[in-house]
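entry-v1.tsv, holding TSV, N, CA and C atoms:
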```tsv
chain	number	residue	atom	x	y	z
A	294	MET	N	-0.79	-40.69	34.49
A	294	MET	CA	-0.30	-39.35	34.60
A	294	MET	C	-1.45	-38.43	34.97
A	295	SER	N	-1.12	-37.42	35.72
A	295	SER	CA	-2.16	-36.49	36.10
A	295	SER	C	-2.40	-35.53	34.95
A	296	GLY	N	-3.28	-34.58	35.17
A	296	GLY	CA	-3.57	-33.64	34.11
A	296	GLY	C	-4.41	-32.51	34.63
A	297	VAL	N	-5.63	-32.48	34.21
A	297	VAL	CA	-6.52	-31.39	34.55
A	297	VAL	C	-6.83	-31.44	36.04
A	298	ILE	N	-6.62	-30.32	36.70
A	298	ILE	CA	-6.89	-30.23	38.13
A	298	ILE	C	-8.32	-29.80	38.39
A	299	SER	N	-8.88	-29.03	37.48
A	299	SER	CA	-10.20	-28.48	37.68
A	299	SER	C	-11.06	-28.66	36.44
A	300	PRO	N	-12.34	-28.97	36.59
A	300	PRO	CA	-13.22	-29.08	35.43
A	300	PRO	C	-13.68	-27.72	34.93
A	301	LEU	N	-13.20	-26.64	35.54
A	301	LEU	CA	-13.61	-25.31	35.13
A	301	LEU	C	-13.07	-24.97	33.76
A	302	GLY	N	-13.62	-23.95	33.13
A	302	GLY	CA	-13.10	-23.46	31.86
A	302	GLY	C	-11.67	-22.99	32.03
A	303	LEU	N	-11.01	-22.64	30.94
A	303	LEU	CA	-9.60	-22.31	30.99
A	303	LEU	C	-9.29	-20.83	31.12
A	304	GLY	N	-10.29	-19.97	31.07
A	304	GLY	CA	-10.02	-18.56	31.10
A	304	GLY	C	-9.56	-18.08	32.47
A	305	GLY	N	-8.81	-16.99	32.50
A	305	GLY	CA	-8.40	-16.34	33.74
A	305	GLY	C	-7.65	-17.23	34.69
A	306	GLU	N	-8.05	-17.21	35.96
A	306	GLU	CA	-7.36	-17.97	36.99
A	306	GLU	C	-7.41	-19.48	36.76
A	307	ALA	N	-8.45	-19.96	36.11
A	307	ALA	CA	-8.57	-21.41	35.90
A	307	ALA	C	-7.41	-21.94	35.08
A	308	ALA	N	-6.88	-21.15	34.13
A	308	ALA	CA	-5.76	-21.60	33.30
A	308	ALA	C	-4.55	-21.92	34.16
A	309	GLU	N	-4.39	-21.24	35.28
A	309	GLU	CA	-3.27	-21.49	36.17
A	309	GLU	C	-3.43	-22.80	36.93
A	310	ARG	N	-4.56	-23.42	36.86
A	310	ARG	CA	-4.83	-24.63	37.62
A	310	ARG	C	-4.52	-25.90	36.84
A	311	PHE	N	-4.01	-25.77	35.64
A	311	PHE	CA	-3.66	-26.92	34.82
A	311	PHE	C	-2.18	-27.19	34.95
A	312	GLU	N	-1.83	-28.41	35.36
A	312	GLU	CA	-0.44	-28.76	35.62
A	312	GLU	C	0.08	-29.74	34.58
A	313	CYS	N	1.38	-29.70	34.36
A	313	CYS	CA	2.06	-30.62	33.46
A	313	CYS	C	1.83	-32.06	33.92
A	314	SER	N	1.65	-32.95	32.95
A	314	SER	CA	1.39	-34.37	33.25
A	314	SER	C	2.66	-35.17	33.50
A	315	ARG	N	3.82	-34.60	33.22
A	315	ARG	CA	5.09	-35.31	33.43
A	315	ARG	C	5.24	-35.63	34.91
A	316	ALA	N	5.62	-36.86	35.22
A	316	ALA	CA	5.77	-37.29	36.60
A	316	ALA	C	6.72	-36.35	37.35
A	317	GLY	N	6.27	-35.89	38.50
A	317	GLY	CA	7.08	-35.04	39.35
A	317	GLY	C	7.05	-33.56	39.00
A	318	CYS	N	6.45	-33.19	37.89
A	318	CYS	CA	6.39	-31.79	37.47
A	318	CYS	C	5.04	-31.20	37.87
A	319	ARG	N	5.06	-30.05	38.47
A	319	ARG	CA	3.83	-29.37	38.84
A	319	ARG	C	3.77	-27.98	38.22
A	320	ASP	N	4.58	-27.77	37.15
A	320	ASP	CA	4.57	-26.48	36.47
A	320	ASP	C	3.27	-26.30	35.70
A	321	ARG	N	2.97	-25.04	35.41
A	321	ARG	CA	1.77	-24.70	34.64
A	321	ARG	C	1.87	-25.31	33.25
A	322	ALA	N	0.81	-25.95	32.80
A	322	ALA	CA	0.77	-26.54	31.46
A	322	ALA	C	0.51	-25.46	30.43
A	323	ASP	N	1.30	-25.49	29.36
A	323	ASP	CA	1.12	-24.56	28.24
A	323	ASP	C	0.50	-25.25	27.03
A	324	PHE	N	0.59	-26.59	27.00
A	324	PHE	CA	0.16	-27.36	25.84
A	324	PHE	C	-0.69	-28.55	26.26
A	325	ALA	N	-1.52	-29.00	25.33
A	325	ALA	CA	-2.31	-30.22	25.50
A	325	ALA	C	-1.92	-31.16	24.36
A	326	ILE	N	-1.63	-32.40	24.71
A	326	ILE	CA	-1.35	-33.43	23.72
A	326	ILE	C	-2.56	-34.34	23.68
A	327	LEU	N	-3.28	-34.33	22.58
A	327	LEU	CA	-4.46	-35.17	22.39
A	327	LEU	C	-4.01	-36.41	21.65
A	328	TRP	N	-4.25	-37.58	22.21
A	328	TRP	CA	-3.73	-38.81	21.61
A	328	TRP	C	-4.67	-39.97	21.86
A	329	ARG	N	-4.39	-41.06	21.14
A	329	ARG	CA	-5.14	-42.30	21.38
A	329	ARG	C	-4.26	-43.49	21.02
A	330	ASN	N	-4.54	-44.60	21.67
A	330	ASN	CA	-3.89	-45.87	21.34
A	330	ASN	C	-4.84	-46.59	20.40
A	331	PRO	N	-4.50	-46.70	19.12
A	331	PRO	CA	-5.44	-47.30	18.16
A	331	PRO	C	-5.75	-48.77	18.42
A	332	LYS	N	-4.95	-49.44	19.23
A	332	LYS	CA	-5.23	-50.84	19.55
A	332	LYS	C	-6.37	-50.98	20.54
A	333	ILE	N	-6.61	-49.94	21.33
A	333	ILE	CA	-7.66	-50.06	22.35
A	333	ILE	C	-8.70	-48.94	22.33
A	334	HIS	N	-8.42	-47.84	21.63
A	334	HIS	CA	-9.36	-46.72	21.58
A	334	HIS	C	-9.98	-46.59	20.21
A	335	THR	N	-11.27	-46.30	20.18
A	335	THR	CA	-11.94	-46.03	18.91
A	335	THR	C	-11.46	-44.68	18.39
A	336	GLU	N	-11.70	-44.42	17.10
A	336	GLU	CA	-11.21	-43.18	16.48
A	336	GLU	C	-11.79	-41.92	17.10
A	337	ASP	N	-12.95	-42.02	17.72
A	337	ASP	CA	-13.56	-40.83	18.30
A	337	ASP	C	-13.12	-40.56	19.74
A	338	ARG	N	-12.30	-41.43	20.31
A	338	ARG	CA	-11.84	-41.25	21.68
A	338	ARG	C	-10.40	-40.75	21.69
A	339	ARG	N	-10.16	-39.70	22.46
A	339	ARG	CA	-8.80	-39.19	22.62
A	339	ARG	C	-8.53	-38.92	24.09
A	340	LYS	N	-7.34	-39.20	24.49
A	340	LYS	CA	-6.90	-38.89	25.85
A	340	LYS	C	-6.11	-37.59	25.78
A	341	THR	N	-5.95	-36.93	26.91
A	341	THR	CA	-5.24	-35.66	26.95
A	341	THR	C	-4.15	-35.70	28.02
A	342	TRP	N	-2.95	-35.36	27.60
A	342	TRP	CA	-1.86	-35.10	28.53
A	342	TRP	C	-1.55	-33.63	28.42
A	343	LEU	N	-1.24	-33.01	29.53
A	343	LEU	CA	-0.88	-31.60	29.55
A	343	LEU	C	0.63	-31.49	29.75
A	344	ALA	N	1.22	-30.44	29.15
A	344	ALA	CA	2.67	-30.31	29.20
A	344	ALA	C	3.11	-28.86	29.36
A	345	CYS	N	4.12	-28.67	30.19
A	345	CYS	CA	4.81	-27.38	30.22
A	345	CYS	C	5.75	-27.38	29.01
A	346	GLU	N	6.28	-26.23	28.66
A	346	GLU	CA	7.12	-26.15	27.46
A	346	GLU	C	8.33	-27.08	27.51
A	347	PRO	N	9.07	-27.17	28.63
A	347	PRO	CA	10.23	-28.06	28.66
A	347	PRO	C	9.89	-29.55	28.51
A	348	HIS	N	8.71	-29.97	28.97
A	348	HIS	CA	8.36	-31.39	28.91
A	348	HIS	C	7.56	-31.78	27.67
A	349	LEU	N	7.15	-30.81	26.87
A	349	LEU	CA	6.39	-31.12	25.66
A	349	LEU	C	7.12	-32.12	24.76
A	350	PRO	N	8.40	-31.91	24.43
A	350	PRO	CA	9.07	-32.87	23.54
A	350	PRO	C	9.16	-34.28	24.13
A	351	ILE	N	9.35	-34.37	25.43
A	351	ILE	CA	9.48	-35.69	26.08
A	351	ILE	C	8.16	-36.46	25.98
A	352	LEU	N	7.06	-35.81	26.34
A	352	LEU	CA	5.76	-36.47	26.31
A	352	LEU	C	5.33	-36.77	24.87
A	353	ARG	N	5.51	-35.80	23.97
A	353	ARG	CA	5.15	-36.00	22.56
A	353	ARG	C	5.95	-37.14	21.95
A	354	ASP	N	7.26	-37.18	22.21
A	354	ASP	CA	8.10	-38.23	21.64
A	354	ASP	C	7.76	-39.61	22.21
A	355	PHE	N	7.39	-39.67	23.47
A	355	PHE	CA	6.98	-40.94	24.08
A	355	PHE	C	5.81	-41.54	23.31
A	356	LEU	N	4.83	-40.71	22.98
A	356	LEU	CA	3.65	-41.18	22.25
A	356	LEU	C	3.96	-41.44	20.77
A	357	ALA	N	4.72	-40.57	20.16
A	357	ALA	CA	5.06	-40.71	18.74
A	357	ALA	C	5.88	-41.97	18.48
A	358	THR	N	6.77	-42.32	19.39
A	358	THR	CA	7.58	-43.53	19.26
A	358	THR	C	6.71	-44.78	19.19
A	359	ARG	N	5.56	-44.72	19.80
A	359	ARG	CA	4.62	-45.85	19.81
A	359	ARG	C	3.62	-45.77	18.66
A	360	ASP	N	3.82	-44.82	17.77
A	360	ASP	CA	2.94	-44.60	16.62
A	360	ASP	C	1.50	-44.29	17.01
A	361	PHE	N	1.32	-43.66	18.16
A	361	PHE	CA	-0.01	-43.24	18.56
A	361	PHE	C	-0.36	-41.96	17.81
A	362	PRO	N	-1.54	-41.89	17.21
A	362	PRO	CA	-1.96	-40.63	16.59
A	362	PRO	C	-2.04	-39.55	17.67
A	363	LEU	N	-1.49	-38.38	17.38
A	363	LEU	CA	-1.52	-37.31	18.36
A	363	LEU	C	-1.61	-35.96	17.70
A	364	GLU	N	-2.03	-35.00	18.48
A	364	GLU	CA	-2.15	-33.62	18.05
A	364	GLU	C	-1.76	-32.74	19.23
A	365	VAL	N	-0.94	-31.73	18.99
A	365	VAL	CA	-0.53	-30.81	20.04
A	365	VAL	C	-1.26	-29.48	19.83
A	366	ARG	N	-1.84	-28.99	20.92
A	366	ARG	CA	-2.53	-27.70	20.90
A	366	ARG	C	-2.08	-26.89	22.10
A	367	THR	N	-2.24	-25.59	22.02
A	367	THR	CA	-1.99	-24.77	23.20
A	367	THR	C	-3.17	-24.92	24.15
A	368	ILE	N	-2.95	-24.58	25.40
A	368	ILE	CA	-4.04	-24.64	26.38
A	368	ILE	C	-5.20	-23.76	25.94
A	369	GLU	N	-4.90	-22.59	25.40
A	369	GLU	CA	-5.96	-21.69	24.96
A	369	GLU	C	-6.82	-22.31	23.86
A	370	GLU	N	-6.23	-23.16	23.03
A	370	GLU	CA	-6.97	-23.78	21.92
A	370	GLU	C	-7.95	-24.86	22.38
A	371	ILE	N	-7.76	-25.37	23.58
A	371	ILE	CA	-8.66	-26.43	24.03
A	371	ILE	C	-9.72	-25.92	24.99
A	372	ASP	N	-9.86	-24.62	25.09
A	372	ASP	CA	-10.87	-24.05	25.96
A	372	ASP	C	-12.21	-24.67	25.67
A	373	ASP	N	-12.88	-25.09	26.73
A	373	ASP	CA	-14.19	-25.76	26.68
A	373	ASP	C	-13.96	-27.18	26.29
```

Could you show the structure in this file as structure tokens?
Amino acid sequence: MSGVISPLGLGGEAAERFECSRAGCRDRADFAILWRNPKIHTEDRRKTWLACEPHLPILRDFLATRDFPLEVRTIEEIDD
């Protein structure tokens, strides 16, 4: 899944450059889902999926069903 379009910080115009990770969606991401697969990732490694508000439940539930540890934050909370 795609995610961050730009390595720039999230303030101002850069925040508009983050797209939802759901396949086929190019809407602005409002949330970040930080997760890891405990079978292959160490505890200090987390992957990030970005989500628009309508796709947040779909992406979060996909990971939660697999018992992957996850945390949901707003885009503003993950600045830097």

For the atom pair CA of Ala322 in chain A and CA of Arg339 in chain A, what is the interatomic distance in Å to one decimal place?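 Value for the CA of Ala322 in chain A-CA of Arg339 in chain A distance: 18.2 Å.
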
Mind pulling up the distance from CA of Ala325 in chain A to CA of Glu370 in chain A?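 Separating CA of Glu370 in chain A from CA of Ala325 in chain A is a distance of 8.7 Å.
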
Rounded to one decimal in Å, what is the spacing between CA of Cys345 in chain A and atom N of Phe324 in chain A? 5.4 Å

Please extract the residues of range 299-370 of chain A with a backbone DSSP assignment of strand (DSSP E) and present them as a ChimeraX atom specification. /A:324-328,340-344,363-367

Quick one: residues within 5 Å of Trp328 in chain A, all atoms listed in the file counted, chain neighbours fewer than 2 positions away excluded, as a PDB file with N, CA and C atoms, in the frame of the given file?
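Once everything was written out, this is result33.pdb:
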```
ATOM      1  N   ILE A 326      -1.630 -32.400  24.710  1.00  0.00           N
ATOM      2  CA  ILE A 326      -1.350 -33.430  23.720  1.00  0.00           C
ATOM      3  C   ILE A 326      -2.560 -34.340  23.680  1.00  0.00           C
ATOM      4  N   ASN A 330      -4.540 -44.600  21.670  1.00  0.00           N
ATOM      5  CA  ASN A 330      -3.890 -45.870  21.340  1.00  0.00           C
ATOM      6  C   ASN A 330      -4.840 -46.590  20.400  1.00  0.00           C
ATOM      7  N   ARG A 339     -10.160 -39.700  22.460  1.00  0.00           N
ATOM      8  CA  ARG A 339      -8.800 -39.190  22.620  1.00  0.00           C
ATOM      9  C   ARG A 339      -8.530 -38.920  24.090  1.00  0.00           C
ATOM     10  N   LYS A 340      -7.340 -39.200  24.490  1.00  0.00           N
ATOM     11  CA  LYS A 340      -6.900 -38.890  25.850  1.00  0.00           C
ATOM     12  C   LYS A 340      -6.110 -37.590  25.780  1.00  0.00           C
ATOM     13  N   PRO A 362      -1.540 -41.890  17.210  1.00  0.00           N
ATOM     14  CA  PRO A 362      -1.960 -40.630  16.590  1.00  0.00           C
ATOM     15  C   PRO A 362      -2.040 -39.550  17.670  1.00  0.00           C
ATOM     16  N   LEU A 363      -1.490 -38.380  17.380  1.00  0.00           N
ATOM     17  CA  LEU A 363      -1.520 -37.310  18.360  1.00  0.00           C
ATOM     18  C   LEU A 363      -1.610 -35.960  17.700  1.00  0.00           C
TER      19      LEU A 363
END
```

Distance query 12 Å from (4.3, -42.0, 23.2) using only C-alpha atoms, result as a ChimeraX atom specification: /A:326-330,340,342,349-364

Write the residues of the preceding selection, restricted to N, CA and C atoms, as a tab-separated table (two decimals), in the coordinates of the input.
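Below is the file again_27.tsv, written as the result:
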```
chain	number	residue	atom	x	y	z
A	326	ILE	N	-1.63	-32.40	24.71
A	326	ILE	CA	-1.35	-33.43	23.72
A	326	ILE	C	-2.56	-34.34	23.68
A	327	LEU	N	-3.28	-34.33	22.58
A	327	LEU	CA	-4.46	-35.17	22.39
A	327	LEU	C	-4.01	-36.41	21.65
A	328	TRP	N	-4.25	-37.58	22.21
A	328	TRP	CA	-3.73	-38.81	21.61
A	328	TRP	C	-4.67	-39.97	21.86
A	329	ARG	N	-4.39	-41.06	21.14
A	329	ARG	CA	-5.14	-42.30	21.38
A	329	ARG	C	-4.26	-43.49	21.02
A	330	ASN	N	-4.54	-44.60	21.67
A	330	ASN	CA	-3.89	-45.87	21.34
A	330	ASN	C	-4.84	-46.59	20.40
A	340	LYS	N	-7.34	-39.20	24.49
A	340	LYS	CA	-6.90	-38.89	25.85
A	340	LYS	C	-6.11	-37.59	25.78
A	342	TRP	N	-2.95	-35.36	27.60
A	342	TRP	CA	-1.86	-35.10	28.53
A	342	TRP	C	-1.55	-33.63	28.42
A	349	LEU	N	7.15	-30.81	26.87
A	349	LEU	CA	6.39	-31.12	25.66
A	349	LEU	C	7.12	-32.12	24.76
A	350	PRO	N	8.40	-31.91	24.43
A	350	PRO	CA	9.07	-32.87	23.54
A	350	PRO	C	9.16	-34.28	24.13
A	351	ILE	N	9.35	-34.37	25.43
A	351	ILE	CA	9.48	-35.69	26.08
A	351	ILE	C	8.16	-36.46	25.98
A	352	LEU	N	7.06	-35.81	26.34
A	352	LEU	CA	5.76	-36.47	26.31
A	352	LEU	C	5.33	-36.77	24.87
A	353	ARG	N	5.51	-35.80	23.97
A	353	ARG	CA	5.15	-36.00	22.56
A	353	ARG	C	5.95	-37.14	21.95
A	354	ASP	N	7.26	-37.18	22.21
A	354	ASP	CA	8.10	-38.23	21.64
A	354	ASP	C	7.76	-39.61	22.21
A	355	PHE	N	7.39	-39.67	23.47
A	355	PHE	CA	6.98	-40.94	24.08
A	355	PHE	C	5.81	-41.54	23.31
A	356	LEU	N	4.83	-40.71	22.98
A	356	LEU	CA	3.65	-41.18	22.25
A	356	LEU	C	3.96	-41.44	20.77
A	357	ALA	N	4.72	-40.57	20.16
A	357	ALA	CA	5.06	-40.71	18.74
A	357	ALA	C	5.88	-41.97	18.48
A	358	THR	N	6.77	-42.32	19.39
A	358	THR	CA	7.58	-43.53	19.26
A	358	THR	C	6.71	-44.78	19.19
A	359	ARG	N	5.56	-44.72	19.80
A	359	ARG	CA	4.62	-45.85	19.81
A	359	ARG	C	3.62	-45.77	18.66
A	360	ASP	N	3.82	-44.82	17.77
A	360	ASP	CA	2.94	-44.60	16.62
A	360	ASP	C	1.50	-44.29	17.01
A	361	PHE	N	1.32	-43.66	18.16
A	361	PHE	CA	-0.01	-43.24	18.56
A	361	PHE	C	-0.36	-41.96	17.81
A	362	PRO	N	-1.54	-41.89	17.21
A	362	PRO	CA	-1.96	-40.63	16.59
A	362	PRO	C	-2.04	-39.55	17.67
A	363	LEU	N	-1.49	-38.38	17.38
A	363	LEU	CA	-1.52	-37.31	18.36
A	363	LEU	C	-1.61	-35.96	17.70
A	364	GLU	N	-2.03	-35.00	18.48
A	364	GLU	CA	-2.15	-33.62	18.05
A	364	GLU	C	-1.76	-32.74	19.23
```

Find the residue from A:Asp323, A:Phe311, A:Glu369, A:Ala316 that sits nearest to Glu346 in chain A; use only N, CA and C atoms when measuring.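 Comparing A:Asp323, A:Phe311, A:Glu369, A:Ala316 against Glu346 in chain A, the winner is A:Asp323.
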
Residue among A:Val365, A:Ala344, A:Ile371, A:Ile333 lying closest to Arg321 in chain A, counting all atoms listed in the file: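 Using all atoms listed in the file, Arg321 in chain A sits closest to A:Ala344.
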